[in-house]
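This is protein_34.csv (CSV, C-alpha atoms).
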```
chain,number,residue,atom,x,y,z
A,1,MET,CA,0.0,0.0,0.0
A,2,GLN,CA,1.2,3.5,-0.8
A,3,ALA,CA,2.0,6.0,2.0
A,4,PRO,CA,-0.8,8.1,3.4
A,5,THR,CA,-1.4,11.1,1.2
A,6,GLN,CA,-0.1,14.4,2.7
A,7,THR,CA,-1.4,17.6,1.1
A,8,SER,CA,1.2,20.1,0.0
A,9,SER,CA,2.6,22.6,2.4
A,10,ARG,CA,0.5,25.3,0.8
A,11,THR,CA,-2.8,23.7,1.8
A,12,ARG,CA,-1.8,21.5,4.7
A,13,VAL,CA,-4.2,21.6,7.5
A,14,ASP,CA,-2.5,21.9,10.9
A,15,SER,CA,-4.7,20.0,13.4
A,16,PHE,CA,-2.1,19.7,16.1
A,17,GLU,CA,-3.1,19.2,19.7
A,18,SER,CA,-0.4,18.7,22.2
A,19,PRO,CA,0.0,15.4,24.2
A,20,ASP,CA,-0.8,15.9,27.9
A,21,PHE,CA,-0.4,12.4,29.4
A,22,TYR,CA,0.1,13.7,33.0
A,23,CYS,CA,-2.7,16.3,32.9
A,24,LEU,CA,-0.2,19.2,33.1
A,25,ASP,CA,-2.9,21.6,31.9
A,26,ASP,CA,-4.2,21.4,35.4
A,27,LEU,CA,-1.1,23.2,36.5
A,28,LEU,CA,-1.6,26.1,34.1
A,29,THR,CA,-3.7,29.2,34.8
A,30,ALA,CA,-6.4,30.4,32.5
A,31,GLU,CA,-4.1,33.1,31.3
A,32,HIS,CA,-1.4,30.5,30.4
A,33,LYS,CA,-3.9,28.5,28.3
A,34,LEU,CA,-5.2,31.6,26.6
A,35,VAL,CA,-1.7,32.7,25.6
A,36,ARG,CA,-0.9,29.2,24.4
A,37,SER,CA,-4.1,29.0,22.4
A,38,ALA,CA,-3.5,32.3,20.7
A,39,VAL,CA,0.1,31.5,19.7
A,40,ARG,CA,-0.9,28.0,18.6
A,41,ASN,CA,-3.6,29.4,16.3
A,42,PHE,CA,-1.1,31.9,15.0
A,43,VAL,CA,1.3,29.1,14.1
A,44,LYS,CA,-1.4,27.1,12.4
A,45,ARG,CA,-2.5,30.2,10.4
A,46,GLU,CA,0.7,32.0,9.6
A,47,ILE,CA,3.7,29.6,9.9
A,48,THR,CA,2.6,26.0,9.1
A,49,PRO,CA,1.2,26.8,5.6
A,50,ILE,CA,4.4,28.5,4.4
A,51,VAL,CA,7.4,27.3,6.4
A,52,GLU,CA,8.2,24.3,4.2
A,53,GLU,CA,8.5,26.4,1.1
A,54,TYR,CA,10.6,29.0,2.8
A,55,ALA,CA,12.9,26.3,4.2
A,56,GLN,CA,13.3,24.8,0.8
A,57,ARG,CA,14.2,28.2,-0.6
A,58,ALA,CA,16.4,29.0,2.3
A,59,GLU,CA,14.5,32.3,2.8
A,60,PHE,CA,13.3,34.0,6.0
A,61,PRO,CA,9.6,35.0,6.0
A,62,ALA,CA,10.3,38.6,7.0
A,63,GLN,CA,6.6,39.5,6.8
A,64,LEU,CA,6.1,37.6,10.0
A,65,VAL,CA,8.1,40.0,12.1
A,66,PRO,CA,5.4,42.6,12.5
A,67,LYS,CA,2.9,39.8,13.0
A,68,PHE,CA,5.0,38.4,15.9
A,69,GLY,CA,4.8,41.9,17.3
A,70,GLN,CA,1.0,42.0,17.0
A,71,ILE,CA,0.5,38.8,18.9
A,72,GLY,CA,2.9,39.9,21.7
A,73,ALA,CA,5.6,37.4,21.0
A,74,PHE,CA,8.4,40.0,21.3
A,75,GLY,CA,9.3,40.8,24.9
A,76,PRO,CA,6.3,39.1,26.5
A,77,THR,CA,7.9,39.4,30.0
A,78,ILE,CA,8.9,43.0,29.6
A,79,PRO,CA,6.6,45.4,31.5
A,80,ALA,CA,3.7,46.8,29.5
A,81,GLU,CA,4.9,50.4,30.0
A,82,TYR,CA,7.7,49.6,27.5
A,83,GLY,CA,5.5,47.8,25.0
A,84,GLY,CA,6.0,44.3,26.5
A,85,GLY,CA,3.3,41.9,27.6
A,86,GLY,CA,4.0,41.9,31.3
A,87,LEU,CA,3.5,38.1,31.3
A,88,ASP,CA,5.2,35.5,33.5
A,89,GLN,CA,7.9,33.1,32.5
A,90,ILE,CA,5.6,30.1,31.9
A,91,SER,CA,3.6,32.2,29.4
A,92,TYR,CA,6.9,33.0,27.6
A,93,GLY,CA,7.9,29.3,27.7
A,94,LEU,CA,4.5,28.2,26.2
A,95,MET,CA,4.9,30.8,23.5
A,96,THR,CA,8.3,29.5,22.4
A,97,GLN,CA,7.0,25.9,22.6
A,98,GLU,CA,4.3,26.7,20.2
A,99,ILE,CA,6.4,28.8,17.8
A,100,GLU,CA,9.2,26.2,17.6
A,101,ARG,CA,6.6,23.6,16.9
A,102,GLY,CA,6.2,25.6,13.7
A,103,ASP,CA,9.9,26.0,13.1
A,104,SER,CA,13.1,26.5,15.1
A,105,GLY,CA,14.1,29.4,13.0
A,106,MET,CA,10.9,31.3,13.8
A,107,ARG,CA,11.5,30.6,17.5
A,108,SER,CA,15.1,31.8,17.1
A,109,CYS,CA,13.9,35.1,15.8
A,110,VAL,CA,11.5,35.5,18.7
A,111,SER,CA,14.1,34.4,21.3
A,112,VAL,CA,16.8,36.8,20.0
A,113,GLN,CA,14.4,39.7,20.0
A,114,SER,CA,13.0,39.0,23.4
A,115,SER,CA,15.8,37.6,25.4
A,116,LEU,CA,18.9,38.9,23.8
A,117,VAL,CA,17.9,42.3,22.6
A,118,MET,CA,15.0,43.6,24.6
A,119,TYR,CA,16.1,41.9,27.9
A,120,PRO,CA,19.6,43.5,28.0
A,121,ILE,CA,18.2,47.0,27.0
A,122,TYR,CA,15.6,46.7,29.8
A,123,THR,CA,18.0,45.2,32.4
A,124,PHE,CA,21.2,47.0,31.6
A,125,GLY,CA,20.1,50.1,29.7
A,126,THR,CA,19.1,53.7,30.7
A,127,GLU,CA,15.5,54.9,30.9
A,128,GLU,CA,16.1,56.8,27.7
A,129,GLN,CA,17.3,53.7,25.9
A,130,ARG,CA,14.3,51.7,27.1
A,131,ARG,CA,11.8,54.4,25.9
A,132,ARG,CA,13.6,54.8,22.6
A,133,PHE,CA,14.0,51.2,21.6
A,134,LEU,CA,11.7,48.8,23.5
A,135,PRO,CA,8.3,49.8,22.2
A,136,ARG,CA,9.5,49.6,18.6
A,137,LEU,CA,11.1,46.3,19.2
A,138,ALA,CA,8.0,45.0,20.9
A,139,SER,CA,5.8,46.0,17.9
A,140,GLY,CA,8.2,44.5,15.4
A,141,GLU,CA,8.9,47.9,13.9
A,142,LEU,CA,12.6,47.2,14.7
A,143,LEU,CA,14.3,43.9,14.6
A,144,GLY,CA,17.4,43.2,16.7
A,145,CYS,CA,20.3,40.8,17.0
A,146,PHE,CA,22.9,39.8,19.6
A,147,GLY,CA,26.6,40.0,18.7
A,148,LEU,CA,28.6,37.8,21.0
A,149,THR,CA,30.0,34.9,19.0
A,150,GLU,CA,33.1,35.4,16.8
A,151,ALA,CA,34.6,33.2,14.1
A,152,ASN,CA,37.5,32.2,16.4
A,153,HIS,CA,35.6,32.4,19.7
A,154,GLY,CA,32.4,30.3,20.1
A,155,SER,CA,32.4,28.4,23.3
A,156,ASP,CA,35.0,30.8,24.7
A,157,PRO,CA,33.4,34.2,24.2
A,158,GLY,CA,35.6,35.8,26.8
A,159,ALA,CA,38.5,35.6,24.4
A,160,MET,CA,36.7,37.9,21.9
A,161,GLU,CA,38.7,40.2,19.8
A,162,THR,CA,36.0,42.8,18.9
A,163,ASN,CA,37.0,46.0,20.7
A,164,PHE,CA,36.3,49.7,21.1
A,165,ILE,CA,38.3,52.8,22.0
A,166,GLU,CA,36.9,55.8,23.8
A,167,ARG,CA,37.0,59.1,22.0
A,168,SER,CA,35.6,62.5,23.1
A,169,ASP,CA,31.9,61.9,22.4
A,170,TYR,CA,31.8,58.4,20.9
A,171,TYR,CA,33.4,55.0,20.9
A,172,LEU,CA,35.3,53.6,17.9
A,173,LEU,CA,34.3,50.0,17.4
A,174,ASN,CA,36.2,47.4,15.4
A,175,GLY,CA,35.8,43.7,14.9
A,176,ALA,CA,33.3,41.1,13.6
A,177,LYS,CA,30.7,38.7,14.9
A,178,LEU,CA,29.6,35.4,13.3
A,179,TRP,CA,26.6,33.1,13.4
A,180,ILE,CA,24.2,36.0,14.3
A,181,THR,CA,20.5,35.2,14.0
A,182,ASN,CA,18.6,38.1,12.5
A,183,GLY,CA,21.9,39.8,11.7
A,184,PRO,CA,21.5,40.4,8.0
A,185,ILE,CA,18.3,42.3,8.4
A,186,ALA,CA,18.5,43.6,12.0
A,187,ASP,CA,18.0,47.3,12.7
A,188,ILE,CA,20.0,47.2,15.9
A,189,ALA,CA,22.6,44.9,17.3
A,190,ILE,CA,23.5,44.4,21.0
A,191,VAL,CA,27.3,44.0,20.6
A,192,TRP,CA,29.7,42.8,23.2
A,193,ALA,CA,33.2,44.2,22.9
A,194,LYS,CA,36.3,44.9,25.0
A,195,ASN,CA,37.2,48.4,25.9
A,196,ASP,CA,40.7,49.8,26.1
A,197,GLN,CA,41.1,48.3,29.6
A,198,GLY,CA,40.1,44.8,28.2
A,199,LYS,CA,36.7,44.9,30.0
A,200,ILE,CA,33.7,43.5,28.2
A,201,ARG,CA,30.9,46.0,27.7
A,202,GLY,CA,27.6,46.0,25.8
A,203,LEU,CA,26.8,48.6,23.0
A,204,ILE,CA,23.7,49.3,20.9
A,205,VAL,CA,24.9,49.5,17.3
A,206,GLU,CA,22.4,50.8,14.8
A,207,ARG,CA,21.9,50.0,11.1
A,208,GLY,CA,23.2,52.9,9.1
A,209,MET,CA,26.2,53.8,11.3
A,210,ASP,CA,29.2,54.2,9.0
A,211,GLY,CA,31.4,51.2,8.9
A,212,PHE,CA,28.7,48.8,10.2
A,213,THR,CA,27.9,46.1,7.6
A,214,THR,CA,26.3,42.7,7.6
A,215,ASN,CA,26.6,39.5,5.5
A,216,GLU,CA,24.3,36.5,5.0
A,217,ILE,CA,25.6,33.0,5.7
A,218,GLU,CA,24.5,30.8,2.8
A,219,ASN,CA,24.4,27.1,2.0
A,220,LYS,CA,23.1,26.1,5.4
A,221,TRP,CA,21.5,22.6,5.8
A,222,SER,CA,19.9,23.7,9.1
A,223,LEU,CA,17.7,26.6,10.1
A,224,ARG,CA,17.1,27.3,6.5
A,225,ALA,CA,14.1,29.5,7.1
A,226,SER,CA,16.1,31.6,9.5
A,227,THR,CA,18.4,34.5,8.5
A,228,THR,CA,21.9,34.1,9.9
A,229,GLY,CA,24.9,36.2,9.2
A,230,GLU,CA,28.0,38.1,10.1
A,231,LEU,CA,28.3,41.6,11.7
A,232,VAL,CA,31.4,43.6,10.6
A,233,PHE,CA,32.6,46.8,12.4
A,234,GLN,CA,35.2,48.9,10.8
A,235,ASP,CA,35.9,52.1,12.7
A,236,VAL,CA,32.2,52.4,13.6
A,237,ARG,CA,31.4,55.5,15.7
A,238,VAL,CA,29.0,54.5,18.4
A,239,PRO,CA,27.5,57.4,20.4
A,240,LYS,CA,28.3,57.3,24.1
A,241,GLU,CA,24.6,57.3,24.9
A,242,ASN,CA,24.5,53.8,23.2
A,243,LEU,CA,26.6,52.1,25.9
A,244,LEU,CA,24.6,49.9,28.2
A,245,PRO,CA,25.7,51.4,31.5
A,246,GLU,CA,24.9,48.5,33.7
A,247,ALA,CA,26.4,45.8,31.6
A,248,TYR,CA,29.8,44.9,33.0
A,249,GLY,CA,31.8,41.9,32.0
A,250,LEU,CA,31.0,38.6,30.3
A,251,LYS,CA,28.6,37.8,33.1
A,252,SER,CA,26.1,40.3,31.8
A,253,ALA,CA,26.1,38.7,28.3
A,254,LEU,CA,25.7,35.2,29.9
A,255,LYS,CA,22.8,36.5,31.9
A,256,CYS,CA,21.1,37.3,28.6
A,257,LEU,CA,21.9,33.8,27.4
A,258,ASP,CA,20.2,32.3,30.4
A,259,GLN,CA,17.0,34.0,29.4
A,260,ALA,CA,17.3,32.6,25.8
A,261,ARG,CA,18.3,29.1,26.9
A,262,TYR,CA,15.2,28.9,29.1
A,263,GLY,CA,13.0,29.6,26.0
A,264,ILE,CA,15.0,27.1,24.0
A,265,ALA,CA,14.2,24.4,26.5
A,266,TRP,CA,10.5,25.0,25.9
A,267,GLY,CA,11.0,25.4,22.2
A,268,ALA,CA,12.7,22.1,21.8
A,269,LEU,CA,9.7,20.5,23.5
A,270,GLY,CA,7.4,22.0,20.9
A,271,ALA,CA,9.5,20.5,18.1
A,272,ALA,CA,9.5,17.1,19.8
A,273,MET,CA,5.7,17.2,20.3
A,274,GLU,CA,5.2,18.0,16.6
A,275,CYS,CA,7.4,15.1,15.4
A,276,TYR,CA,5.6,12.7,17.8
A,277,GLU,CA,2.2,13.7,16.7
A,278,VAL,CA,3.1,13.4,13.0
A,279,ALA,CA,4.6,10.0,13.6
A,280,ARG,CA,1.6,8.8,15.7
A,281,ARG,CA,-0.9,9.9,13.0
A,282,TYR,CA,1.1,8.4,10.2
A,283,ALA,CA,1.4,5.1,12.1
A,284,LEU,CA,-2.4,5.0,12.3
A,285,GLU,CA,-2.8,5.4,8.6
A,286,ARG,CA,0.1,3.5,7.0
A,287,VAL,CA,-0.6,-0.1,6.2
A,288,GLN,CA,2.1,-2.7,5.6
A,289,PHE,CA,1.8,-6.5,5.7
A,290,GLY,CA,-1.9,-6.1,5.7
A,291,LYS,CA,-2.3,-4.1,8.8
A,292,LEU,CA,-1.6,-0.7,10.3
A,293,ILE,CA,2.1,-0.2,11.3
A,294,ALA,CA,0.8,1.2,14.6
A,295,SER,CA,-0.1,-2.4,15.5
A,296,PHE,CA,3.6,-3.5,15.3
A,297,GLN,CA,5.5,-3.8,18.6
A,298,LEU,CA,8.5,-1.8,17.5
A,299,VAL,CA,6.4,1.1,16.4
A,300,GLN,CA,4.5,1.1,19.6
A,301,LYS,CA,7.8,1.0,21.5
A,302,LYS,CA,9.0,4.1,19.7
A,303,LEU,CA,5.7,5.9,20.3
A,304,ALA,CA,5.7,4.9,24.0
A,305,GLU,CA,9.2,6.1,24.5
A,306,MET,CA,8.5,9.4,22.7
A,307,LEU,CA,5.5,10.1,24.9
A,308,THR,CA,7.6,9.2,28.0
A,309,ASP,CA,10.3,11.6,27.0
A,310,ILE,CA,7.9,14.4,26.2
A,311,THR,CA,6.1,14.0,29.5
A,312,GLN,CA,9.3,14.2,31.4
A,313,ALA,CA,10.3,17.3,29.5
A,314,GLN,CA,7.0,19.0,30.1
A,315,LEU,CA,7.4,18.5,33.9
A,316,LEU,CA,11.0,19.8,33.6
A,317,CYS,CA,9.9,22.9,31.8
A,318,TRP,CA,7.0,23.6,34.1
A,319,ARG,CA,9.1,23.3,37.2
A,320,LEU,CA,11.9,25.5,35.7
A,321,GLY,CA,9.3,28.1,34.8
A,322,MET,CA,8.1,28.2,38.4
A,323,LEU,CA,11.6,28.7,39.6
A,324,LYS,CA,12.1,31.5,37.0
A,325,ASN,CA,8.9,33.1,38.2
A,326,GLU,CA,10.4,33.1,41.7
A,327,ASP,CA,13.7,34.3,40.4
A,328,LYS,CA,15.4,31.1,41.8
A,329,ALA,CA,16.4,29.4,38.5
A,330,SER,CA,20.2,29.0,38.4
A,331,THR,CA,22.4,28.9,35.3
A,332,ALA,CA,23.1,25.2,35.9
A,333,GLN,CA,19.4,24.4,36.2
A,334,ILE,CA,18.7,26.2,32.9
A,335,SER,CA,21.7,24.4,31.3
A,336,LEU,CA,20.2,21.0,32.3
A,337,ALA,CA,16.9,21.8,30.7
A,338,LYS,CA,18.4,23.2,27.5
A,339,ARG,CA,20.7,20.2,27.0
A,340,ASN,CA,18.2,17.5,28.1
A,341,ASN,CA,15.3,18.8,26.0
A,342,ILE,CA,17.3,19.3,22.8
A,343,GLU,CA,18.8,15.8,23.1
A,344,MET,CA,15.3,14.5,23.8
A,345,ALA,CA,13.8,16.3,20.7
A,346,LEU,CA,16.6,15.1,18.5
A,347,ARG,CA,16.0,11.5,19.6
A,348,ILE,CA,12.2,11.8,18.9
A,349,ALA,CA,12.8,13.4,15.5
A,350,ARG,CA,15.1,10.6,14.5
A,351,GLU,CA,12.6,7.9,15.7
A,352,ALA,CA,9.7,9.8,14.0
A,353,ARG,CA,11.7,9.8,10.7
A,354,GLN,CA,12.1,6.0,11.1
A,355,ILE,CA,8.4,5.5,11.5
A,356,LEU,CA,7.7,7.6,8.4
A,357,GLY,CA,10.2,5.7,6.4
A,358,GLY,CA,11.1,7.3,3.1
A,359,MET,CA,8.4,9.9,3.4
A,360,GLY,CA,10.2,11.2,6.5
A,361,ILE,CA,12.9,12.9,4.4
A,362,THR,CA,10.5,14.8,2.2
A,363,GLY,CA,9.1,18.3,2.7
A,364,ASP,CA,5.6,16.8,2.7
A,365,PHE,CA,6.2,16.2,6.4
A,366,PRO,CA,8.0,18.5,8.9
A,367,VAL,CA,10.2,15.8,10.6
A,368,MET,CA,13.4,16.1,8.6
A,369,ARG,CA,13.2,19.9,8.8
A,370,HIS,CA,12.9,19.8,12.6
A,371,LEU,CA,15.7,17.2,12.8
A,372,MET,CA,18.1,19.4,10.8
A,373,ASN,CA,17.1,22.5,12.8
A,374,LEU,CA,17.6,20.8,16.1
A,375,GLU,CA,21.2,20.0,15.2
A,376,SER,CA,21.8,23.8,15.2
A,377,VAL,CA,19.8,24.4,18.3
A,378,SER,CA,22.0,21.8,20.0
A,379,THR,CA,25.0,23.9,19.2
A,380,TYR,CA,24.0,27.5,19.6
A,381,GLU,CA,23.8,29.4,22.9
A,382,GLY,CA,26.0,26.8,24.6
A,383,THR,CA,26.8,23.5,22.9
A,384,HIS,CA,25.7,20.1,24.2
A,385,ASP,CA,29.1,19.5,25.8
A,386,ILE,CA,29.5,22.9,27.3
A,387,HIS,CA,26.2,22.5,29.1
A,388,LEU,CA,27.5,19.1,30.4
A,389,LEU,CA,30.6,21.0,31.7
A,390,ILE,CA,28.4,23.7,33.3
A,391,LEU,CA,26.6,20.9,35.2
A,392,GLY,CA,29.9,19.2,36.0
A,393,ALA,CA,31.2,22.4,37.6
A,394,GLU,CA,28.0,22.8,39.6
A,395,ILE,CA,28.4,19.2,40.8
A,396,THR,CA,32.1,19.2,41.7
A,397,GLY,CA,32.9,22.8,42.1
A,398,ILE,CA,35.7,22.4,39.5
A,399,PRO,CA,35.2,24.2,36.2
A,400,ALA,CA,36.7,21.9,33.6
A,401,TYR,CA,36.5,24.5,30.8
A,402,LYS,CA,38.9,27.0,32.4
```

With the file now loaded, output its structure as structure tokens.
Amino acid sequence: MQAPTQTSSRTRVDSFESPDFYCLDDLLTAEHKLVRSAVRNFVKREITPIVEEYAQRAEFPAQLVPKFGQIGAFGPTIPAEYGGGGLDQISYGLMTQEIERGDSGMRSCVSVQSSLVMYPIYTFGTEEQRRRFLPRLASGELLGCFGLTEANHGSDPGAMETNFIERSDYYLLNGAKLWITNGPIADIAIVWAKNDQGKIRGLIVERGMDGFTTNEIENKWSLRASTTGELVFQDVRVPKENLLPEAYGLKSALKCLDQARYGIAWGALGAAMECYEVARRYALERVQFGKLIASFQLVQKKLAEMLTDITQAQLLCWRLGMLKNEDKASTAQISLAKRNNIEMALRIAREARQILGGMGITGDFPVMRHLMNLESVSTYEGTHDIHLLILGAEITGIPAYK
């Protein structure tokens, strides 16, 4: 028998409903469920119908940026007076879960804007900087990026070479940043650079400043619907009022990454749930040897393990969200969730691909796209191994990466 027919991505109906084997919805408030429902419907309406084609073309759907702003996906935990949603951390997690179910690249865009651009401006910036930038970032009028990683300094950002020198009324910035999500089209960049004393500080660099250019990274096999690039600074004059005054040292940049990694933990869960649901539905339609493949023990084993992994990750995310709400979540706790949930999602995506057989590698189903995307998510904002070492340092008190 032929494989079940899947409509093209242009007309595909997204009927996703998330698994909830341990009745975790009982732990959510009415507001949490409302937020999740709104974003889930947005993904079904705006992302699912187009994302396969954009991924095939390796193109970012830039028209979604203002739409993300309209649904409150940018800066949902930022206070409403600055254009944010004033929501709690679990609401933010549920948002990223739903958006990454659509595509990791779309969640990357939202994570960068919210956690790596708006968060540092709100946390480390002046009141004037908050008023100037945050409302326009929240609405999607402006898109931002986060410049930390360099070509020669990925897992060791403290060794960065990008630097600036103080002049009378400006800073002179030189260097380059690589693997920057949103970079090629960003209006502003939060750039981390060393001053003439060798101390790391944060600067707001704006599109249009002389000497500031961006390049697109092409030929990616992963995050193909995301725009990723390089930031180049050649004698860029950054006004002194664009310095983030409360950002001192690498610890400030890493505090931003904690915010983003938290969202990634939820997002990877969304990708895993999508792959599981696609595989489950496929197994209940596909017939081989005269019966549904869902009746085979090995397929049931795969599905049972997928559901177990998802349920564990749901509990992990919820508890971490509660700790975040209480301002008690540590870097190590966030690292555990980021690493665990991505590894879990990759495992589920691979098993789902096996269940779908040959159809699993096509764009008629989202599984291979999620699998390729998750390979990048496993690397950025702290690699799989670096997060192991963060946990190892927490356990032993000995940092192995220093």

Near-Ile398 of chain A list (10 Å; all atoms listed in the file; drop same-chain fewer than 6 positions) as a ChimeraX atom specification:
/A:389-390,392

Using the selection just defined, write its residues with C-alpha atoms as a PDB file, in the frame of the given file.
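Once everything was written out, this is part-v8.pdb:
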```pdb
ATOM      1  CA  LEU A 389      30.600  21.000  31.700  1.00  0.00           C
ATOM      2  CA  ILE A 390      28.400  23.700  33.300  1.00  0.00           C
ATOM      3  CA  GLY A 392      29.900  19.200  36.000  1.00  0.00           C
TER       4      GLY A 392
END
```

At a cut-off of 7 Å from (40.6, 46.6, 18.4) in the coordinates of the file, what residues are picked up using only C-alpha atoms, written as an MDAnalysis selection string?
chainID A and resid 161:164 174:175

Report, in Å to a single decimal, how far apart atom CA of Leu391 of chain A and atom CA of Leu94 of chain A are.
25.0 Å

Which is closer to Phe68 of chain A than all the others in A:Asp187, A:Glu53, A:Glu17, A:Glu141, using all atoms listed in the file?
A:Glu141

Go through segment 274-391 of chain A and flag each residue having an atom no more than 12 Å from segment 223-240 of chain A; for those, report the closest pair of atoms plus their distance in Å to one decimal, using all atoms listed in the file, ordered by chain and rising number, as CSV.
```
residue,atom,partner,partner_atom,distance
A:Met368,CA,A:Leu223,CA,11.4
A:Arg369,CA,A:Leu223,CA,8.2
A:His370,CA,A:Leu223,CA,8.7
A:Leu371,CA,A:Leu223,CA,10.0
A:Met372,CA,A:Leu223,CA,7.2
A:Asn373,CA,A:Leu223,CA,4.9
A:Leu374,CA,A:Leu223,CA,8.3
A:Glu375,CA,A:Leu223,CA,9.0
A:Ser376,CA,A:Leu223,CA,7.1
A:Val377,CA,A:Leu223,CA,8.7
A:Ser378,CA,A:Leu223,CA,11.8
A:Thr379,CA,A:Leu223,CA,12.0
A:Tyr380,CA,A:Leu223,CA,11.4
```
